[in-house]
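Visitor: To be precise about what I am sending: the file is called entry.cif and holds mmCIF, C-alpha atoms and all ligand atoms.
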```
data_work
#
loop_
_atom_site.label_atom_id
_atom_site.label_comp_id
_atom_site.auth_asym_id
_atom_site.auth_seq_id
_atom_site.Cartn_x
_atom_site.Cartn_y
_atom_site.Cartn_z
CA MET I 1 -16.69 -24.13 5.43
CA SER I 2 -19.08 -26.31 3.43
CA ARG I 3 -21.77 -24.92 1.16
CA SER I 4 -24.39 -26.79 3.14
CA ASP I 5 -23.62 -24.56 6.12
CA PRO I 6 -23.89 -20.96 4.80
CA LEU I 7 -23.11 -19.35 8.15
CA ALA I 8 -19.93 -21.40 8.62
CA ARG I 9 -18.95 -20.51 5.05
CA LEU I 10 -19.45 -16.77 5.70
CA ILE I 11 -17.43 -16.96 8.93
CA GLY I 12 -14.70 -18.82 7.06
CA GLU I 13 -14.60 -16.21 4.29
CA LEU I 14 -14.54 -13.28 6.74
CA GLN I 15 -11.73 -14.91 8.68
CA ARG I 16 -9.54 -14.79 5.59
CA LEU I 17 -9.57 -10.96 5.72
CA PRO I 18 -6.53 -9.26 7.31
CA GLY I 19 -6.93 -8.52 11.00
CA ILE I 20 -10.08 -10.66 11.36
CA GLY I 21 -9.82 -13.54 13.81
CA PRO I 22 -12.44 -16.24 14.52
CA LYS I 23 -14.26 -14.17 17.18
CA THR I 24 -14.58 -11.06 15.03
CA ALA I 25 -15.57 -13.17 12.00
CA THR I 26 -18.35 -14.81 14.03
CA ARG I 27 -19.55 -11.44 15.37
CA LEU I 28 -19.57 -9.90 11.86
CA ALA I 29 -21.39 -12.89 10.37
CA HIS I 30 -24.13 -12.70 13.01
CA HIS I 31 -24.37 -8.94 12.48
CA LEU I 32 -24.80 -9.50 8.72
CA MET I 33 -27.55 -12.06 9.38
CA LYS I 34 -29.48 -9.40 11.28
CA THR I 35 -29.13 -6.67 8.62
CA SER I 36 -31.70 -6.22 5.87
CA ALA I 37 -31.39 -8.21 2.65
CA ALA I 38 -30.88 -4.89 0.83
CA SER I 39 -27.87 -3.80 2.86
CA ALA I 40 -26.33 -7.28 2.75
CA ARG I 41 -26.76 -7.24 -1.02
CA GLY I 42 -25.23 -3.72 -1.11
CA LEU I 43 -22.10 -5.00 0.64
CA ALA I 44 -21.81 -8.03 -1.63
CA GLU I 45 -22.29 -5.86 -4.75
CA ALA I 46 -19.74 -3.29 -3.55
CA ILE I 47 -17.16 -6.09 -3.21
CA LEU I 48 -17.96 -7.42 -6.69
CA GLU I 49 -17.93 -3.94 -8.24
CA VAL I 50 -14.43 -3.30 -6.88
CA LYS I 51 -13.26 -6.57 -8.38
CA ASP I 52 -14.98 -5.92 -11.71
CA THR I 53 -13.99 -2.27 -12.28
CA LEU I 54 -10.68 -1.62 -10.53
CA ILE I 55 -7.25 -2.64 -11.77
CA HIS I 56 -3.62 -1.97 -10.89
CA CYS I 57 -1.98 0.95 -12.71
CA THR I 58 0.66 -0.63 -14.95
CA THR I 59 3.03 2.26 -14.14
CA CYS I 60 2.77 2.76 -10.36
CA ASN I 61 0.79 -0.34 -9.29
CA SER I 62 -1.87 1.77 -7.51
CA ILE I 63 -5.55 0.81 -7.63
CA THR I 64 -7.38 2.63 -10.39
CA ALA I 65 -10.31 2.47 -12.81
CA ILE I 66 -8.18 3.85 -15.66
CA ASP I 67 -4.66 2.89 -16.70
CA PRO I 68 -2.34 4.76 -16.29
CA CYS I 69 -3.93 6.25 -13.17
CA ASN I 70 -4.78 9.91 -12.57
CA LEU I 71 -1.69 10.45 -10.42
CA CYS I 72 0.66 9.10 -13.10
CA THR I 73 -0.84 11.30 -15.83
CA ASP I 74 -1.31 14.48 -13.72
CA PRO I 75 0.87 17.17 -15.40
CA GLN I 76 1.07 19.10 -12.10
CA ARG I 77 3.00 16.32 -10.31
CA ASP I 78 6.76 16.59 -9.81
CA ARG I 79 8.22 13.86 -12.05
CA THR I 80 11.67 14.06 -10.47
CA ARG I 81 10.48 12.39 -7.24
CA ILE I 82 8.94 8.99 -6.60
CA CYS I 83 7.60 7.97 -3.19
CA VAL I 84 7.70 4.18 -2.72
CA VAL I 85 5.01 2.65 -0.49
CA GLU I 86 4.19 -0.94 0.46
CA GLU I 87 0.52 -1.07 -0.54
CA PRO I 88 -1.60 1.04 -2.89
CA PHE I 89 -3.76 2.26 0.03
CA ASN I 90 -0.65 3.80 1.65
CA ILE I 91 -0.68 6.42 -1.15
CA GLN I 92 -3.75 8.06 0.40
CA ALA I 93 -1.95 8.42 3.76
CA ILE I 94 0.91 10.30 2.07
CA GLU I 95 -1.48 12.37 -0.08
CA ARG I 96 -3.41 13.49 3.02
CA THR I 97 -0.28 15.16 4.41
CA GLY I 98 -0.23 17.58 1.44
CA GLU I 99 3.56 17.46 1.80
CA PHE I 100 4.44 15.41 -1.28
CA HIS I 101 3.75 16.43 -4.89
CA GLY I 102 5.71 13.81 -6.80
CA LEU I 103 4.77 10.40 -8.17
CA TYR I 104 4.20 7.12 -6.33
CA HIS I 105 5.16 3.49 -6.67
CA ALA I 106 3.40 0.71 -4.73
CA LEU I 107 5.52 -2.41 -4.19
CA GLY I 108 2.58 -4.66 -3.36
CA GLY I 109 4.13 -5.83 -0.07
CA THR I 110 7.48 -6.18 1.66
CA LEU I 111 10.36 -8.60 1.47
CA SER I 112 9.75 -11.46 3.88
CA PRO I 113 11.92 -14.58 3.86
CA GLN I 114 9.55 -16.14 6.42
CA ARG I 115 6.56 -15.73 4.11
CA GLY I 116 8.60 -16.62 1.03
CA ILE I 117 8.32 -13.13 -0.48
CA GLY I 118 11.46 -12.17 -2.40
CA PRO I 119 12.25 -9.25 -4.73
CA ASP I 120 10.59 -11.03 -7.67
CA GLN I 121 7.22 -10.99 -5.90
CA LEU I 122 7.32 -7.20 -5.52
CA ALA I 123 6.98 -4.48 -8.17
CA ILE I 124 10.71 -3.62 -8.03
CA ASP I 125 11.56 -4.05 -11.75
CA GLY I 126 8.71 -1.65 -12.55
CA LEU I 127 10.28 0.92 -10.22
CA ILE I 128 13.71 0.54 -11.82
CA ASP I 129 12.12 1.03 -15.25
CA ARG I 130 10.79 4.42 -14.11
CA LEU I 131 14.05 6.02 -12.97
CA GLU I 132 14.78 8.10 -16.09
CA GLY I 133 14.62 11.78 -15.11
CA VAL I 134 14.05 10.87 -11.45
CA GLU I 135 16.31 12.64 -8.94
CA GLU I 136 15.03 11.23 -5.67
CA VAL I 137 13.27 8.09 -4.52
CA ILE I 138 11.67 8.38 -1.08
CA LEU I 139 11.21 5.06 0.69
CA ALA I 140 7.99 5.20 2.71
CA THR I 141 7.72 1.54 3.69
CA ASN I 142 6.50 0.97 7.25
CA PRO I 143 8.94 1.43 10.13
CA ASP I 144 8.76 -2.24 11.10
CA VAL I 145 11.29 -5.03 10.58
CA GLU I 146 10.10 -6.02 7.09
CA GLY I 147 9.60 -2.39 5.99
CA GLU I 148 13.12 -1.45 7.11
CA ALA I 149 14.67 -4.51 5.44
CA THR I 150 12.81 -3.69 2.21
CA ALA I 151 13.99 -0.06 2.34
CA LEU I 152 17.61 -1.12 2.83
CA PHE I 153 17.35 -3.60 -0.04
CA LEU I 154 15.87 -0.94 -2.35
CA ALA I 155 18.55 1.58 -1.34
CA ARG I 156 21.23 -0.91 -2.38
CA VAL I 157 19.51 -1.52 -5.72
CA LEU I 158 18.73 2.13 -6.48
CA ARG I 159 21.85 4.04 -5.37
CA PRO I 160 24.15 2.61 -8.09
CA ARG I 161 21.62 3.87 -10.63
CA GLY I 162 22.50 7.48 -9.78
CA VAL I 163 19.35 8.38 -7.89
CA ARG I 164 19.20 9.95 -4.43
CA VAL I 165 17.53 7.57 -1.99
CA SER I 166 15.89 8.86 1.17
CA ARG I 167 13.84 7.38 3.99
CA LEU I 168 11.06 8.90 6.08
CA ALA I 169 12.44 10.22 9.38
CA PHE I 170 10.30 8.19 11.72
CA GLY I 171 10.81 9.29 15.29
CA LEU I 172 8.55 6.40 16.11
CA PRO I 173 8.83 3.06 17.81
CA ILE I 174 9.70 0.25 15.44
CA GLY I 175 6.66 -1.79 14.49
CA GLY I 176 4.61 1.22 13.37
CA ASP I 177 2.40 1.47 10.32
CA ILE I 178 2.13 4.63 8.23
CA GLU I 179 -1.64 4.07 8.05
CA TYR I 180 -1.93 4.81 11.77
CA ILE I 181 0.47 7.74 11.96
CA ASP I 182 -1.34 11.07 12.18
CA GLU I 183 -0.98 13.48 9.25
CA VAL I 184 1.12 16.05 11.12
CA THR I 185 3.68 13.43 12.21
CA LEU I 186 3.74 11.87 8.75
CA ALA I 187 4.21 15.31 7.12
CA ARG I 188 7.10 15.96 9.52
CA SER I 189 8.72 12.62 8.74
CA LEU I 190 8.47 13.45 5.02
CA SER I 191 9.99 16.93 5.30
CA GLY I 192 12.71 15.62 7.64
CA ARG I 193 13.56 12.59 5.47
CA ARG I 194 17.16 11.43 5.60
CA SER I 195 19.43 10.08 2.88
CA LEU I 196 20.00 6.34 2.89
ZN ZN I 201 -0.26 5.12 -11.69
#
```
Represent the structure from my file as structure tokens, please.
Guide:
Amino acid sequence: MSRSDPLARLIGELQRLPGIGPKTATRLAHHLMKTSAASARGLAEAILEVKDTLIHCTTCNSITAIDPCNLCTDPQRDRTRICVVEEPFNIQAIERTGEFHGLYHALGGTLSPQRGIGPDQLAIDGLIDRLEGVEEVILATNPDVEGEATALFLARVLRPRGVRVSRLAFGLPIGGDIEYIDEVTLARSLSGRRSL
């Protein structure tokens, strides 16, 4: 990944992206070499613009250009419900269902003893600070091992604080990801959510 070998450096950088292995990184790097200088520059600038202009909402931890974000300040949203997701981009998946009109909270990941991620690494304190006036917290972490463990942990933390805690009713095989669940199924799992 030395600077004297730009192609190896690009492959190395691409490989650090989630879901990109060495083969895909190599294929993408060679594709980028073939594209015009203008479109390569467009991609590079788009990446830099995201880093320069977007921040995390200090209330819900979503990605936004203004703080607090539009969802947090929208007077039409139901402030008695908070839907907790793993990553900010999961908010769009829930929004697309049209089934939820409350507020969101992005944890920024899941609990993972293997990866050394404990409660302090997630935006859990920020969630607890938001509970005033909240009647229900819906846990929409992924239906995989880490997502389930995180939901159970949050349920234990939240229930004593007098808030109803519910979980999406996934009729899905464990190991799923809410990003890849179609809108109809996700809407159904929201409306059929069960208390934890
Ligand atoms: Zn927000």
Visitor: Restrict the calculation to only C-alpha atoms and all ligand atoms, then for each residue of chain I with any atom at most 8 Å from an atom of ligand ZN 201 (chain I) give the closest atom pair and their distance in Å to one decimal, rows by chain and rising residue number, as a Markdown table.
Guide:
```
| residue | atom | partner | partner_atom | distance |
| --- | --- | --- | --- | --- |
| I:His56 | CA | I:ZN201 | ZN | 7.9 |
| I:Cys57 | CA | I:ZN201 | ZN | 4.6 |
| I:Thr58 | CA | I:ZN201 | ZN | 6.7 |
| I:Thr59 | CA | I:ZN201 | ZN | 5.0 |
| I:Cys60 | CA | I:ZN201 | ZN | 4.1 |
| I:Asn61 | CA | I:ZN201 | ZN | 6.1 |
| I:Ser62 | CA | I:ZN201 | ZN | 5.6 |
| I:Ile63 | CA | I:ZN201 | ZN | 7.9 |
| I:Thr64 | CA | I:ZN201 | ZN | 7.7 |
| I:Asp67 | CA | I:ZN201 | ZN | 7.0 |
| I:Pro68 | CA | I:ZN201 | ZN | 5.1 |
| I:Cys69 | CA | I:ZN201 | ZN | 4.1 |
| I:Asn70 | CA | I:ZN201 | ZN | 6.6 |
| I:Leu71 | CA | I:ZN201 | ZN | 5.7 |
| I:Cys72 | CA | I:ZN201 | ZN | 4.3 |
| I:Thr73 | CA | I:ZN201 | ZN | 7.5 |
| I:Tyr104 | CA | I:ZN201 | ZN | 7.3 |
| I:His105 | CA | I:ZN201 | ZN | 7.6 |
```
Visitor: Rank I:Gly19, I:Pro119, I:Gly162, I:Pro113 by their smallest atom-to-atom distance to I:Val137, using only C-alpha atoms, and report the top residue only.
Guide: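 Selected residue with least distance to I:Val137: I:Gly162.
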Visitor: Select, from I:Lys51, I:Arg115, I:His30, I:Arg193, the residue with the minimum atom-to-atom distance to I:Val165, counting only C-alpha atoms.
Guide: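 Comparing I:Lys51, I:Arg115, I:His30, I:Arg193 against I:Val165, the winner is I:Arg193.
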Visitor: Give me the residues within 10 Å of I:Asp120 as a PyMOL selection string, counting all atoms listed in the file and dropping any in the same chain fewer than 4 places off.
Guide: chain I and resi 111+124-125
Visitor: Go ahead and write the selection's residues with C-alpha atoms as a CSV table (one decimal), in the frame of the given file.
Guide:
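Writing done, so here's again-v3.csv:
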```csv
chain,number,residue,atom,x,y,z
I,111,LEU,CA,10.4,-8.6,1.5
I,124,ILE,CA,10.7,-3.6,-8.0
I,125,ASP,CA,11.6,-4.0,-11.8
```
Visitor: Mind pulling up the distance from atom CA of I:Arg164 to atom CA of I:Ile128?
Guide: 13.2 Å
Visitor: To one decimal place in Å, what is the distance between atom CA of I:Ile117 and atom CA of I:Ala140?
Guide: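 Spanning atom CA of I:Ile117 to atom CA of I:Ala140 is a straight-line distance of 18.6 Å.
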Visitor: Quick one: distance from atom CA of I:Leu139 to atom CA of I:Ala155 in Å, one decimal?
Guide: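 Interatomic distance, atom CA of I:Leu139 to atom CA of I:Ala155: 8.4 Å.
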Visitor: Find, counting all atoms listed in the file, the residue in I:Val134, I:Ala8, I:Val85, I:Gln92 that gets nearest to I:Leu168.
Guide: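 Residue with the minimum atom-to-atom distance to I:Leu168: I:Val85.
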Visitor: Which residues are close to I:Leu7, i.e. within 9 Å by only C-alpha atoms, leaving aside same-chain residues fewer than 4 positions away? Reply as a list in words.
Guide: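 The residues satisfying every condition are Met1, Ile11, Gly12, Thr26, Ala29, His30 and Met33 of chain I.
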Visitor: Quick one: write out the picked residues with C-alpha atoms as a PDB file, keeping the file's coordinate frame?
Guide:
```pdb
ATOM      1  CA  MET I   1     -16.690 -24.130   5.430  1.00  0.00           C
ATOM      2  CA  ILE I  11     -17.430 -16.960   8.930  1.00  0.00           C
ATOM      3  CA  GLY I  12     -14.700 -18.820   7.060  1.00  0.00           C
ATOM      4  CA  THR I  26     -18.350 -14.810  14.030  1.00  0.00           C
ATOM      5  CA  ALA I  29     -21.390 -12.890  10.370  1.00  0.00           C
ATOM      6  CA  HIS I  30     -24.130 -12.700  13.010  1.00  0.00           C
ATOM      7  CA  MET I  33     -27.550 -12.060   9.380  1.00  0.00           C
TER       8      MET I  33
END
```
Visitor: For a quick check of understanding, using only C-alpha atoms, which of I:Leu152, I:Leu43, I:Leu158, I:Leu107 has the smallest distance to I:Leu131?
Guide: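 Of I:Leu152, I:Leu43, I:Leu158, I:Leu107, the one nearest I:Leu131 is I:Leu158, counting only C-alpha atoms.
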Visitor: Report as a list of chain:residue names all protein, DNA and RNA residues lying within 12 Å of I:His31, evaluated on only C-alpha atoms, omitting residues in the same chain fewer than 4 positions from it.
Guide: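 In the requested format, the answer is I:Leu7, I:Leu10, I:Ile11, I:Thr24, I:Ala25, I:Thr26, I:Arg27, I:Thr35, I:Ser36, I:Ser39, I:Ala40.
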